[in-house]
Amino acid sequence: MSKKTCFIFSLSLATLLSSNFSLPTLAQTNPTNPTNNQIATQALKPSDYNVLIISDERILITMAALTLAGYKYEGTGKLADLQTRLRQDLKNTPPELVKKLQDFYSSHRVNGREETQISPYLGLALSLSASPAFGNPAVKDNLPPDVRNVLGFGDLIREFYSRSQIRSFLPTYKTLLDGLRNDYETTASAVLYEALLYLRTKPILELQPTPVYSKQYDTYVLERPTESKDKKDKKDKKDKEDKTNKEQPKEEKVKYIPRYRRLEIFPNPFVSPGTVFSRNDVLNGADTESKRLGDDYFIIASEQSIKEHIRHAFLRFVLDPIVGKKSVEIAELKEKIDPLVAALPNAKESAKRNIYEVVGESLARAVEVRLTERASGKTLTADDITYLLGQYYEQGFVLTFHFYNALPSLERVGLDMSDFFPSMLNDIDFARETKRMEDVQVARGKVDQQRASTRAAVKPIIDVDNLIKERKFTEAKVQLEEILREQPKNARALFGMAQIINNQPSNTELDKNSEDEDKIAAQEERLAHAVRVYREAIASANDEEKWLVSQCHVFIGRIYDFVEQREAAIKEYDKAVLLGDIPKGAYKEAIEGKSKPYTPKTTPR
């Protein structure tokens, strides 16, 4: 966030929405009660907080042009064959046009992964006007350097749109994107509820009206509030009576345009799973109204793994105005913040250039880590947390530790974050902040050692997985019990044990001489045991094992379906859906489970 933007935010606080802040069922909701939380989440509409899910033709057409230009991705999941289908649809594109696209793309490559190549093009796509014009932005100087560098691609997009067959296929792909909106809406609702419940603040959605150009003063002037009709009639009458008024230059009529802050999320299935681009440094060229740079936050994301990215963008969306209100105080800290950032060799350029970005990103990352910790069920150790905070510190966001340590006080007093933030800013101990990397190095050593131990345990578990697939449950169980004796919180071992319990009938169930009632009781006891172990695996899983959590929820849901507890089953499927279509997860199975009860061929899995 630029210094100029911060100043705008500080001015805009006088225009807060007049309605009282209310989060659906917030007062009646117990944060530890999943049922109440789910009801509240479902009641929260992202659009009420200017969070919009948009299937945008500019994104589709730009990605189609980039696909022909040479951009490739490794697709998985339900949209894995989409790029192949797109290439087939565009096979008759004129060869000379394809060559133009390829030449431009290859000549503008930068160092980095393939995904990093297309970020400027997506920024350009948002800056273009709506189809079919796709006009370049009116003020090119406002474009960030990376987008300005590929501005010429806009001419190729227009040519591609007019000369290729993309127009005839566009409705099909547009319908496909529209079908993703429900998934994005569900994820966004959960993220917004979690963030607003924690911050206890009212997002600033409306800002002061946009300044407009006045020829009379040859400058930009801030728009005045709209006058009431009575007051305007009196003024008009007085102007007519005032003869001197005729000698004054005629002022152009001012159009009063309100400013709204928005977070816009654009589905993009033409990238690798989990790929997300976030920007708030471009203007949405499809808008017909004039707005300010930084009013809109954009996320362009694949259909998978978007929860963390939406949460981060929404936190910045909510917190940036709070930070902006203290822009003067932050400016006075520049001489203390800059040396901390300069001492970090891997600090991001945005942190080196802008202390407001340092403060805003540090606060957002601190809240993220705290929310992750609270959701982890105490499986994150102090070293894990230090490790996470250290990653952001090394990127130049040097107040992350300080803000994180202050957050428990926010939780205790229950204040609005906007009221609490000034004290957080005043209490910075810069002498302490200079020594943070010493703590990080110690924690990193411990975490790296733990991860090495975990990697060493992976091969035996993979061997066990193979035994389970071969239904050699007895042999697999012996090995898992050995692993769990040394690592009782090993999520993968717990997951394997739950699968064995789930799939291996007890002796009573297999005994032909057992009474039916005894068999049913034994089966119910075994399945209840499997559910308990699946939940242990969920509680023990780390951030790299979300696929395991996804599968556990689906397996629990299937058990509930098997014992005819449909409502409980749907709740488990919903939890898997919220995690998204992550690699190795069970997203498809969760969607299927929600649509109809699971019926196993033999025993439930």
# chains A, B, ... in the order shown; residues from 1 in each chain; ligands from 1
>>> residues_around(residues="region 49-61 of chain A", least_positions_apart="4", cutoff="8 Å", atoms="only C-alpha atoms", output="PDB file with C-alpha atoms, in the first residue's frame")
ATOM      1  CA  LYS A  45     -23.118 -13.515   2.152  1.00  0.00           C
ATOM      2  CA  ALA A  65      -4.236 -16.363 -25.956  1.00  0.00           C
ATOM      3  CA  LEU A 122      -3.465 -11.085 -15.836  1.00  0.00           C
ATOM      4  CA  ALA A 125      -6.438  -8.363 -18.517  1.00  0.00           C
ATOM      5  CA  LEU A 126      -8.022  -6.638 -15.527  1.00  0.00           C
ATOM      6  CA  LEU A 128      -8.558  -3.680 -20.210  1.00  0.00           C
ATOM      7  CA  ALA A 130     -14.916  -5.096 -21.113  1.00  0.00           C
ATOM      8  CA  SER A 131     -15.455  -7.207 -24.221  1.00  0.00           C
ATOM      9  CA  PHE A 134     -10.801  -4.734 -24.685  1.00  0.00           C
ATOM     10  CA  ILE A 157      -5.740  -9.907 -27.451  1.00  0.00           C
ATOM     11  CA  TYR A 161     -10.628 -12.091 -30.257  1.00  0.00           C
ATOM     12  CA  ILE A 166     -12.800 -18.044 -29.345  1.00  0.00           C
ATOM     13  CA  LEU A 170     -16.716 -18.513 -25.154  1.00  0.00           C
ATOM     14  CA  TYR A 173     -16.252 -21.857 -21.054  1.00  0.00           C
ATOM     15  CA  LYS A 174     -18.187 -19.031 -19.404  1.00  0.00           C
ATOM     16  CA  LEU A 177     -16.687 -20.836 -14.823  1.00  0.00           C
ATOM     17  CA  ASP A 178     -20.144 -19.904 -13.589  1.00  0.00           C
ATOM     18  CA  ARG A 181     -18.991 -19.928  -8.231  1.00  0.00           C
ATOM     19  CA  TYR A 184     -15.873 -20.173  -4.243  1.00  0.00           C
ATOM     20  CA  GLU A 185     -18.873 -18.673  -2.434  1.00  0.00           C
ATOM     21  CA  PRO A 203     -14.968  -3.459   7.118  1.00  0.00           C
ATOM     22  CA  LEU A 205     -16.655  -0.520   2.209  1.00  0.00           C
ATOM     23  CA  ARG A 261     -13.914  -0.866  -1.834  1.00  0.00           C
ATOM     24  CA  ARG A 262     -14.240  -4.392  -3.183  1.00  0.00           C
ATOM     25  CA  LEU A 263     -12.504  -7.738  -3.129  1.00  0.00           C
ATOM     26  CA  GLU A 264     -13.061  -9.418  -6.489  1.00  0.00           C
ATOM     27  CA  ILE A 265     -12.298 -13.115  -6.980  1.00  0.00           C
ATOM     28  CA  PHE A 266     -11.901 -14.412 -10.530  1.00  0.00           C
ATOM     29  CA  PRO A 267     -11.930 -18.195 -11.158  1.00  0.00           C
ATOM     30  CA  ASN A 268      -9.160 -19.253 -13.536  1.00  0.00           C
TER      31      ASN A 268
END
>>> residues_around(residues="region 106-114 of chain A", least_positions_apart="6", cutoff="9 Å", atoms="only C-alpha atoms", output="list in words")
Ala69, Gly70, Tyr71, Lys72, Tyr73, Asn149 and Val150 of chain A
>>> atom_distance(atom1="CA of Lys307 (chain A)", atom2="CA of Ala541 (chain A)")
17.1 Å
>>> residues_around(residues="region 398-407 of chain A", least_positions_apart="2", cutoff="6 Å", atoms="only C-alpha atoms", output="VMD selection string")
chain A and resid 362 to 363 366 393 396 409 to 410
>>> write_last_selection(atoms="all heavy atoms", output="tab-separated table (two decimals), in the first residue's frame")
chain	number	residue	atom	x	y	z
A	362	SER	N	2.74	-7.14	7.76
A	362	SER	CA	3.11	-7.74	9.05
A	362	SER	C	1.87	-8.03	9.89
A	362	SER	O	1.74	-9.11	10.48
A	362	SER	CB	4.04	-6.80	9.83
A	362	SER	OG	5.29	-6.65	9.19
A	363	LEU	N	0.94	-7.09	9.92
A	363	LEU	CA	-0.28	-7.27	10.71
A	363	LEU	C	-1.13	-8.40	10.14
A	363	LEU	O	-1.62	-9.27	10.89
A	363	LEU	CB	-1.07	-5.97	10.75
A	363	LEU	CG	-2.36	-5.98	11.56
A	363	LEU	CD1	-2.10	-6.36	13.01
A	363	LEU	CD2	-3.06	-4.63	11.47
A	366	ALA	N	0.50	-11.79	10.82
A	366	ALA	CA	0.40	-12.16	12.23
A	366	ALA	C	-0.97	-12.72	12.55
A	366	ALA	O	-1.10	-13.75	13.24
A	366	ALA	CB	0.69	-10.94	13.10
A	393	TYR	N	9.13	-12.56	8.44
A	393	TYR	CA	10.12	-11.59	8.89
A	393	TYR	C	11.25	-11.48	7.87
A	393	TYR	O	11.68	-10.38	7.50
A	393	TYR	CB	10.67	-12.01	10.25
A	393	TYR	CG	11.60	-10.99	10.90
A	393	TYR	CD1	11.13	-10.12	11.88
A	393	TYR	CD2	12.94	-10.92	10.55
A	393	TYR	CE1	11.98	-9.19	12.48
A	393	TYR	CE2	13.79	-10.00	11.13
A	393	TYR	CZ	13.31	-9.14	12.09
A	393	TYR	OH	14.15	-8.22	12.67
A	396	GLY	N	10.93	-9.29	4.93
A	396	GLY	CA	10.95	-7.85	5.17
A	396	GLY	C	9.79	-7.33	5.99
A	396	GLY	O	9.73	-6.13	6.28
A	409	SER	N	-3.73	-10.36	23.66
A	409	SER	CA	-4.36	-9.27	24.43
A	409	SER	C	-5.64	-8.81	23.74
A	409	SER	O	-6.64	-8.50	24.40
A	409	SER	CB	-3.39	-8.10	24.59
A	409	SER	OG	-2.26	-8.48	25.34
A	410	LEU	N	-5.62	-8.74	22.42
A	410	LEU	CA	-6.83	-8.39	21.66
A	410	LEU	C	-7.93	-9.39	21.95
A	410	LEU	O	-9.10	-9.03	22.14
A	410	LEU	CB	-6.52	-8.34	20.17
A	410	LEU	CG	-7.71	-8.20	19.23
A	410	LEU	CD1	-8.32	-6.80	19.35
A	410	LEU	CD2	-7.31	-8.47	17.78
>>> closest_residue(among="A:Ala347, A:Lys99, A:Arg167, A:Asp146", to="Pro132 (chain A)", atoms="only C-alpha atoms")
A:Arg167
>>> residues_around(residues="Asp89 (chain A)", least_positions_apart="6", cutoff="10 Å", atoms="only C-alpha atoms", output="list in words")
Gln83, Ser164, Gln165, Ile166, Ser168 and Phe169 of chain A
>>> closest_residue(among="A:Val531, A:Ile322, A:Leu494, A:Ile330", to="Thr201 (chain A)", atoms="only C-alpha atoms")
A:Ile322
>>> atom_distance(atom1="CA of Thr172 (chain A)", atom2="CA of Pro94 (chain A)")
21.7 Å
>>> atom_distance(atom1="CA of Lys336 (chain A)", atom2="CA of Gly360 (chain A)")
16.1 Å
